[in-house]
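The data block below is final06.pdb; it holds PDB, C-alpha atoms, pLDDT in the B column.
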```
ATOM      1  CA  MET A   1     175.967  74.449 304.538  1.00 64.00           C
ATOM      2  CA  ASP A   2     175.155  76.971 307.181  1.00 71.00           C
ATOM      3  CA  THR A   3     176.542  80.487 307.455  1.00 71.00           C
ATOM      4  CA  GLN A   4     178.949  79.631 310.278  1.00 71.00           C
ATOM      5  CA  THR A   5     180.567  76.838 308.286  1.00 67.00           C
ATOM      6  CA  ILE A   6     180.988  79.089 305.256  1.00 65.00           C
ATOM      7  CA  ALA A   7     182.475  81.851 307.419  1.00 60.00           C
ATOM      8  CA  ALA A   8     184.806  79.421 309.163  1.00 64.00           C
ATOM      9  CA  ALA A   9     186.032  78.103 305.814  1.00 64.00           C
ATOM     10  CA  GLY A  10     186.337  81.565 304.261  1.00 61.00           C
ATOM     11  CA  LEU A  11     188.269  83.324 307.012  1.00 59.00           C
ATOM     12  CA  PRO A  12     191.554  81.455 306.467  1.00 63.00           C
ATOM     13  CA  ALA A  13     191.279  82.034 302.712  1.00 61.00           C
ATOM     14  CA  LEU A  14     190.660  85.731 303.301  1.00 59.00           C
ATOM     15  CA  GLY A  15     193.632  85.876 305.672  1.00 60.00           C
ATOM     16  CA  TRP A  16     195.919  84.247 303.103  1.00 56.00           C
ATOM     17  CA  ALA A  17     194.672  86.595 300.396  1.00 56.00           C
ATOM     18  CA  LEU A  18     195.395  89.654 302.562  1.00 57.00           C
ATOM     19  CA  HIS A  19     198.799  88.273 303.532  1.00 49.00           C
ATOM     20  CA  GLY A  20     199.642  87.579 299.874  1.00 49.00           C
ATOM     21  CA  GLY A  21     198.609  91.093 298.921  1.00 48.00           C
ATOM     22  CA  LEU A  22     200.812  92.609 301.610  1.00 46.00           C
ATOM     23  CA  LEU A  23     203.785  90.500 300.521  1.00 41.00           C
ATOM     24  CA  TRP A  24     203.217  91.504 296.897  1.00 45.00           C
ATOM     25  CA  ARG A  25     203.152  95.185 297.876  1.00 49.00           C
ATOM     26  CA  ARG A  26     206.362  94.826 299.904  1.00 47.00           C
ATOM     27  CA  LEU A  27     208.105  93.123 296.996  1.00 45.00           C
ATOM     28  CA  ALA A  28     206.991  95.835 294.593  1.00 47.00           C
ATOM     29  CA  THR A  29     208.138  98.521 297.035  1.00 48.00           C
ATOM     30  CA  ALA A  30     211.542  96.853 297.437  1.00 55.00           C
ATOM     31  CA  ARG A  31     212.035  97.106 293.679  1.00 72.00           C
ATOM     32  CA  ARG A  32     211.459 100.872 293.717  1.00 91.00           C
ATOM     33  CA  ASP A  33     213.754 103.565 295.034  1.00 95.00           C
ATOM     34  CA  PRO A  34     211.838 105.309 297.840  1.00 95.00           C
ATOM     35  CA  LEU A  35     213.167 108.778 296.964  1.00 96.00           C
ATOM     36  CA  THR A  36     212.715 108.850 293.199  1.00 97.00           C
ATOM     37  CA  GLY A  37     210.157 106.130 292.587  1.00 96.00           C
ATOM     38  CA  LEU A  38     212.403 104.655 289.904  1.00 97.00           C
ATOM     39  CA  HIS A  39     213.242 100.983 289.686  1.00 97.00           C
ATOM     40  CA  THR A  40     216.152  99.818 291.814  1.00 96.00           C
ATOM     41  CA  ARG A  41     219.063  97.964 290.249  1.00 95.00           C
ATOM     42  CA  ALA A  42     217.505  94.529 290.837  1.00 92.00           C
ATOM     43  CA  GLY A  43     214.062  95.404 289.503  1.00 91.00           C
ATOM     44  CA  TRP A  44     215.441  97.266 286.499  1.00 96.00           C
ATOM     45  CA  THR A  45     217.976  94.605 285.575  1.00 96.00           C
ATOM     46  CA  THR A  46     215.333  91.900 285.334  1.00 94.00           C
ATOM     47  CA  ARG A  47     213.144  94.001 283.056  1.00 95.00           C
ATOM     48  CA  ALA A  48     216.082  95.351 281.036  1.00 97.00           C
ATOM     49  CA  GLU A  49     217.402  91.857 280.302  1.00 96.00           C
ATOM     50  CA  HIS A  50     213.977  90.887 279.002  1.00 96.00           C
ATOM     51  CA  LEU A  51     213.748  93.996 276.815  1.00 96.00           C
ATOM     52  CA  MET A  52     217.252  93.440 275.400  1.00 95.00           C
ATOM     53  CA  THR A  53     216.326  89.977 274.162  1.00 94.00           C
ATOM     54  CA  LYS A  54     212.988  91.097 272.729  1.00 95.00           C
ATOM     55  CA  HIS A  55     213.896  94.396 270.988  1.00 95.00           C
ATOM     56  CA  PRO A  56     216.793  94.590 268.503  1.00 93.00           C
ATOM     57  CA  ASN A  57     216.992  98.428 268.508  1.00 94.00           C
ATOM     58  CA  THR A  58     217.551  98.708 272.251  1.00 97.00           C
ATOM     59  CA  LEU A  59     219.641 101.552 273.646  1.00 98.00           C
ATOM     60  CA  VAL A  60     221.172 101.265 277.130  1.00 98.00           C
ATOM     61  CA  LEU A  61     222.202 104.405 279.026  1.00 98.00           C
ATOM     62  CA  LEU A  62     224.249 105.096 282.138  1.00 97.00           C
ATOM     63  CA  ILE A  63     224.043 108.540 283.706  1.00 97.00           C
ATOM     64  CA  ASP A  64     226.246 109.941 286.441  1.00 96.00           C
ATOM     65  CA  LEU A  65     225.638 113.357 287.968  1.00 96.00           C
ATOM     66  CA  ASP A  66     228.756 115.525 287.839  1.00 94.00           C
ATOM     67  CA  ASP A  67     230.016 117.069 291.093  1.00 92.00           C
ATOM     68  CA  PHE A  68     226.949 115.871 292.996  1.00 95.00           C
ATOM     69  CA  LYS A  69     228.881 115.733 296.286  1.00 94.00           C
ATOM     70  CA  ALA A  70     229.430 119.496 296.055  1.00 94.00           C
ATOM     71  CA  ILE A  71     225.654 120.055 295.995  1.00 94.00           C
ATOM     72  CA  ASN A  72     225.189 117.998 299.161  1.00 92.00           C
ATOM     73  CA  ASP A  73     228.186 119.610 300.868  1.00 94.00           C
ATOM     74  CA  THR A  74     227.214 123.172 299.950  1.00 93.00           C
ATOM     75  CA  HIS A  75     223.414 123.113 300.085  1.00 94.00           C
ATOM     76  CA  GLY A  76     222.599 120.056 302.219  1.00 94.00           C
ATOM     77  CA  HIS A  77     221.172 116.628 301.594  1.00 94.00           C
ATOM     78  CA  ALA A  78     217.643 117.930 301.048  1.00 96.00           C
ATOM     79  CA  ALA A  79     218.959 119.908 298.078  1.00 96.00           C
ATOM     80  CA  GLY A  80     220.711 116.783 296.825  1.00 96.00           C
ATOM     81  CA  ASP A  81     217.437 114.864 297.130  1.00 97.00           C
ATOM     82  CA  THR A  82     215.723 117.555 295.065  1.00 97.00           C
ATOM     83  CA  VAL A  83     218.366 117.169 292.347  1.00 98.00           C
ATOM     84  CA  LEU A  84     218.023 113.364 292.389  1.00 98.00           C
ATOM     85  CA  THR A  85     214.240 113.586 292.118  1.00 98.00           C
ATOM     86  CA  ALA A  86     214.436 116.114 289.273  1.00 98.00           C
ATOM     87  CA  THR A  87     216.939 113.894 287.445  1.00 98.00           C
ATOM     88  CA  ALA A  88     214.637 110.891 287.840  1.00 98.00           C
ATOM     89  CA  ASP A  89     211.669 112.868 286.511  1.00 98.00           C
ATOM     90  CA  ARG A  90     213.638 114.178 283.536  1.00 98.00           C
ATOM     91  CA  LEU A  91     215.003 110.747 282.644  1.00 98.00           C
ATOM     92  CA  THR A  92     211.573 109.145 282.937  1.00 97.00           C
ATOM     93  CA  ALA A  93     210.024 111.829 280.747  1.00 97.00           C
ATOM     94  CA  TRP A  94     212.756 111.369 278.142  1.00 97.00           C
ATOM     95  CA  CYS A  95     212.242 107.587 278.034  1.00 96.00           C
ATOM     96  CA  GLY A  96     208.507 108.001 277.688  1.00 95.00           C
ATOM     97  CA  ARG A  97     206.530 104.854 276.996  1.00 94.00           C
ATOM     98  CA  HIS A  98     209.444 103.272 275.158  1.00 94.00           C
ATOM     99  CA  GLY A  99     211.783 102.646 278.062  1.00 96.00           C
ATOM    100  CA  ILE A 100     212.342 102.317 281.767  1.00 97.00           C
ATOM    101  CA  ALA A 101     214.664 104.203 284.068  1.00 98.00           C
ATOM    102  CA  ALA A 102     216.393 103.197 287.286  1.00 98.00           C
ATOM    103  CA  ARG A 103     218.392 104.686 290.086  1.00 98.00           C
ATOM    104  CA  LEU A 104     221.291 102.312 290.515  1.00 96.00           C
ATOM    105  CA  GLY A 105     222.490 104.019 293.674  1.00 93.00           C
ATOM    106  CA  GLY A 106     223.823 107.354 294.835  1.00 94.00           C
ATOM    107  CA  ASP A 107     223.879 109.681 291.840  1.00 96.00           C
ATOM    108  CA  GLU A 108     224.008 106.954 289.195  1.00 97.00           C
ATOM    109  CA  PHE A 109     221.055 106.242 286.929  1.00 98.00           C
ATOM    110  CA  ALA A 110     220.371 103.857 284.064  1.00 98.00           C
ATOM    111  CA  ALA A 111     217.769 103.545 281.368  1.00 98.00           C
ATOM    112  CA  ILE A 112     216.867 101.202 278.579  1.00 98.00           C
ATOM    113  CA  VAL A 113     214.889 102.330 275.565  1.00 97.00           C
ATOM    114  CA  THR A 114     213.402  99.823 273.153  1.00 97.00           C
ATOM    115  CA  ASN A 115     212.988 102.291 270.280  1.00 95.00           C
ATOM    116  CA  PRO A 116     215.444 105.211 270.483  1.00 96.00           C
ATOM    117  CA  ALA A 117     213.865 106.848 267.424  1.00 95.00           C
ATOM    118  CA  ARG A 118     210.761 107.488 269.555  1.00 94.00           C
ATOM    119  CA  THR A 119     212.749 109.545 272.101  1.00 95.00           C
ATOM    120  CA  PRO A 120     213.693 113.207 271.701  1.00 95.00           C
ATOM    121  CA  GLY A 121     217.347 112.120 271.186  1.00 96.00           C
ATOM    122  CA  LEU A 122     220.507 112.132 273.273  1.00 96.00           C
ATOM    123  CA  ALA A 123     221.124 115.864 272.850  1.00 96.00           C
ATOM    124  CA  ALA A 124     217.678 116.566 274.318  1.00 97.00           C
ATOM    125  CA  LEU A 125     218.407 114.209 277.214  1.00 97.00           C
ATOM    126  CA  ARG A 126     221.668 115.984 277.936  1.00 95.00           C
ATOM    127  CA  ALA A 127     219.948 119.374 277.826  1.00 96.00           C
ATOM    128  CA  ALA A 128     217.214 118.162 280.189  1.00 97.00           C
ATOM    129  CA  LEU A 129     219.675 116.647 282.651  1.00 97.00           C
ATOM    130  CA  ASP A 130     221.885 119.759 282.596  1.00 96.00           C
ATOM    131  CA  ALA A 131     219.058 122.164 283.432  1.00 97.00           C
ATOM    132  CA  PRO A 132     219.403 123.835 286.848  1.00 97.00           C
ATOM    133  CA  VAL A 133     217.146 122.863 289.747  1.00 97.00           C
ATOM    134  CA  THR A 134     215.632 125.311 292.223  1.00 96.00           C
ATOM    135  CA  HIS A 135     215.638 124.370 295.907  1.00 96.00           C
ATOM    136  CA  HIS A 136     214.358 126.782 298.573  1.00 95.00           C
ATOM    137  CA  GLY A 137     215.064 129.784 296.370  1.00 94.00           C
ATOM    138  CA  HIS A 138     218.569 128.649 295.371  1.00 93.00           C
ATOM    139  CA  VAL A 139     219.295 127.771 291.772  1.00 96.00           C
ATOM    140  CA  LEU A 140     221.467 124.669 291.785  1.00 96.00           C
ATOM    141  CA  PRO A 141     223.638 123.956 288.760  1.00 95.00           C
ATOM    142  CA  VAL A 142     223.231 120.372 287.559  1.00 95.00           C
ATOM    143  CA  SER A 143     225.219 118.479 284.996  1.00 94.00           C
ATOM    144  CA  ALA A 144     225.460 114.853 284.034  1.00 96.00           C
ATOM    145  CA  SER A 145     227.699 112.621 281.992  1.00 95.00           C
ATOM    146  CA  VAL A 146     225.818 110.172 279.796  1.00 96.00           C
ATOM    147  CA  GLY A 147     227.165 106.986 278.283  1.00 96.00           C
ATOM    148  CA  HIS A 148     225.227 104.779 275.940  1.00 97.00           C
ATOM    149  CA  CYS A 149     225.400 101.558 273.994  1.00 97.00           C
ATOM    150  CA  HIS A 150     223.216 100.312 271.181  1.00 96.00           C
ATOM    151  CA  ARG A 151     222.379  96.632 271.233  1.00 96.00           C
ATOM    152  CA  ASP A 152     223.446  96.427 267.572  1.00 93.00           C
ATOM    153  CA  ASP A 153     227.010  97.419 268.548  1.00 93.00           C
ATOM    154  CA  LEU A 154     227.500  94.292 270.653  1.00 94.00           C
ATOM    155  CA  PRO A 155     228.792  90.978 269.329  1.00 93.00           C
ATOM    156  CA  VAL A 156     226.510  89.206 271.814  1.00 92.00           C
ATOM    157  CA  PRO A 157     223.507  91.300 272.890  1.00 92.00           C
ATOM    158  CA  VAL A 158     223.517  90.849 276.672  1.00 95.00           C
ATOM    159  CA  LEU A 159     222.805  93.500 279.280  1.00 96.00           C
ATOM    160  CA  THR A 160     226.094  93.127 281.175  1.00 95.00           C
ATOM    161  CA  ASP A 161     228.072  93.876 278.012  1.00 96.00           C
ATOM    162  CA  ALA A 162     225.792  96.798 277.142  1.00 97.00           C
ATOM    163  CA  LEU A 163     226.263  98.261 280.627  1.00 96.00           C
ATOM    164  CA  SER A 164     230.045  97.826 280.388  1.00 96.00           C
ATOM    165  CA  ALA A 165     230.108  99.588 277.032  1.00 96.00           C
ATOM    166  CA  ALA A 166     227.839 102.390 278.309  1.00 97.00           C
ATOM    167  CA  ASP A 167     230.081 102.745 281.370  1.00 96.00           C
ATOM    168  CA  ALA A 168     233.189 103.063 279.185  1.00 95.00           C
ATOM    169  CA  SER A 169     231.324 105.574 277.037  1.00 94.00           C
ATOM    170  CA  MET A 170     230.301 107.585 280.114  1.00 93.00           C
ATOM    171  CA  TYR A 171     233.863 107.769 281.427  1.00 90.00           C
ATOM    172  CA  ALA A 172     235.099 108.777 277.975  1.00 89.00           C
ATOM    173  CA  ALA A 173     232.548 111.621 278.126  1.00 83.00           C
ATOM    174  CA  LYS A 174     233.844 112.625 281.552  1.00 80.00           C
ATOM    175  CA  GLY A 175     237.352 112.594 280.115  1.00 72.00           C
ATOM    176  CA  HIS A 176     236.262 115.277 277.635  1.00 61.00           C
ATOM    177  CA  GLY A 177     235.007 117.481 280.443  1.00 56.00           C
ATOM    178  CA  ARG A 178     231.723 117.489 282.284  1.00 51.00           C
ATOM    179  CA  ARG A 179     228.350 117.816 280.578  1.00 50.00           C
ATOM    180  CA  ASN A 180     229.118 115.381 277.815  1.00 51.00           C
ATOM    181  CA  THR A 181     227.439 112.492 276.094  1.00 50.00           C
ATOM    182  CA  ARG A 182     229.245 109.664 274.315  1.00 47.00           C
TER     183      ARG A 182
END
```

Encoding of this model in structure tokens:
Amino acid sequence: MDTQTIAAAGLPALGWALHGGLLWRRLATARRDPLTGLHTRAGWTTRAEHLMTKHPNTLVLLIDLDDFKAINDTHGHAAGDTVLTATADRLTAWCGRHGIAARLGGDEFAAIVTNPARTPGLAALRAALDAPVTHHGHVLPVSASVGHCHRDDLPVPVLTDALSAADASMYAAKGHGRRNTR
């Protein structure tokens, strides 16, 4: 075979490889929140369902920032973005290598941890999430309500039931005042 024949045969393959790579990158980007870099609901759910079936000690968390609208209304959306990014960083650090975090939308986050004993604990998470954030010289108060559900507490260990239980737990925490974990 001569060089022209090889080049003519290789160009379409190269084009398809580049196209496939671009599509793969777009898909990966669509599964990440552009502001925080966390998984989106769809990307997280797929991974979380897999982890729930594989790890019996799984802990599922739902986190909602308290009075987040007041931060946006008082200090602007850039300040709100700073709070969201800080929350994402704190949640990711708390999960460590034993879990994954997601931004479900707005000021709502979720996480799944395969081995809760390897985390600093829920009290440490609450303390981290409740730490103030500085934005352009202003110290912004931040608080979050955290709900959780252990896989062991479910009659049938499925993610939808774990999320429902964590949601009920989170709203029970809100019912006891802000800055709570249940």

Task: One-decimal distance in Å that lies between CA of Leu84 (chain A) and CA of Asp64 (chain A) - done: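 Going from CA of Asp64 (chain A) over to CA of Leu84 (chain A), I get 10.7 Å.
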
Which centre and edge lengths in Å to one decimal define the box along x, y and z that fits every listed atom of region 71-88 of chain A plus 4 Å per side, as lines of an AutoDock Vina configuration file?
```
center_x = 221.2
center_y = 117.0
center_z = 294.8
size_x = 21.9
size_y = 20.3
size_z = 22.8
```

- [ ] Report as a list in words the full result of the PyMOL selection byres ((chain A and resi 125) around 10) when it is applied to this structure.
- [x]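 Listing what the PyMOL selection byres ((chain A and resi 125) around 10) selects in the shown file: Arg90, Leu91, Ala93, Trp94, Cys95, Thr119, Pro120, Gly121, Leu122, Ala123, Ala124, Arg126, Ala127, Ala128, Leu129, Asp130, Ala144, Val146 and Thr181 of chain A.
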
TODO: Quick one: pull the distance between CA of Gly96 (chain A) and CA of Arg151 (chain A), Å, one decimal.
DONE: 19.1 Å

Task: Pairwise distance for CA of Ala166 (chain A) and CA of Leu35 (chain A), rounded to one decimal in Å - done: 24.6 Å

Open item on the list: I'd like the neighbourhood of Val139 (chain A) as a list in words, where a residue qualifies if any of its atoms comes within 12 Å (using all atoms listed in the file), though same-chain residues fewer than 4 positions away should be ignored.
Closed with: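 Counting only the stated atoms, we get Ile71, His75, Ala79, Thr82, Val83, Ala131, Pro132, Val133, Thr134 and His135 of chain A.
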
Open item on the list: When you count all atoms listed in the file, which of these residues is closest to Lys69 (chain A): A:Lys174, A:Thr85, A:Glu49, A:Val142?
Closed with: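 Among the listed residues, the smallest separation from Lys69 (chain A) belongs to A:Val142.
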
Contacts of region 101-117 of chain A at 8 Å (all atoms listed in the file; same-chain gap of 5+ positions) as a compact mmCIF listing (two decimals) with C-alpha atoms, in the frame of the given file:
```txt
# COMPACT_ATOMS: atom_id res chain seq x y z
CA ASP A 33 213.75 103.56 295.03
CA THR A 36 212.72 108.85 293.20
CA LEU A 38 212.40 104.66 289.90
CA HIS A 39 213.24 100.98 289.69
CA THR A 40 216.15 99.82 291.81
CA ARG A 41 219.06 97.96 290.25
CA TRP A 44 215.44 97.27 286.50
CA ALA A 48 216.08 95.35 281.04
CA LEU A 51 213.75 94.00 276.82
CA MET A 52 217.25 93.44 275.40
CA HIS A 55 213.90 94.40 270.99
CA PRO A 56 216.79 94.59 268.50
CA ASN A 57 216.99 98.43 268.51
CA THR A 58 217.55 98.71 272.25
CA LEU A 59 219.64 101.55 273.65
CA VAL A 60 221.17 101.26 277.13
CA LEU A 61 222.20 104.40 279.03
CA LEU A 62 224.25 105.10 282.14
CA ILE A 63 224.04 108.54 283.71
CA ASP A 64 226.25 109.94 286.44
CA LEU A 65 225.64 113.36 287.97
CA PHE A 68 226.95 115.87 293.00
CA LEU A 84 218.02 113.36 292.39
CA ALA A 88 214.64 110.89 287.84
CA LEU A 91 215.00 110.75 282.64
CA THR A 92 211.57 109.14 282.94
CA CYS A 95 212.24 107.59 278.03
```

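Comparing the minimum interatomic distances between Gly175 (chain A) and each of A:Arg118, A:Asp66, A:His50, A:His77, counting all atoms listed in the file, we find that A:Asp66 sits nearest.
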
TODO: Return the single residue from A:Arg32, A:Lys54, A:Arg97, A:His136 that is closest to Pro157 (chain A), with distances computed using all atoms listed in the file.
DONE: A:Lys54

Task: Counting all atoms listed in the file, the option among A:Ile100, A:Thr3, A:Gly80, A:Ala86 closest to Gly43 (chain A) - done: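 Closest to Gly43 (chain A), using all atoms listed in the file: A:Ile100.
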
Open item on the list: For a quick check of understanding, using all atoms listed in the file, which of A:Thr87, A:Ser145, A:Thr74, A:Thr45 has the smallest distance to Leu163 (chain A)?
Closed with: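 Checking each of A:Thr87, A:Ser145, A:Thr74, A:Thr45 against Leu163 (chain A), counting all atoms listed in the file, the winner is A:Thr45.
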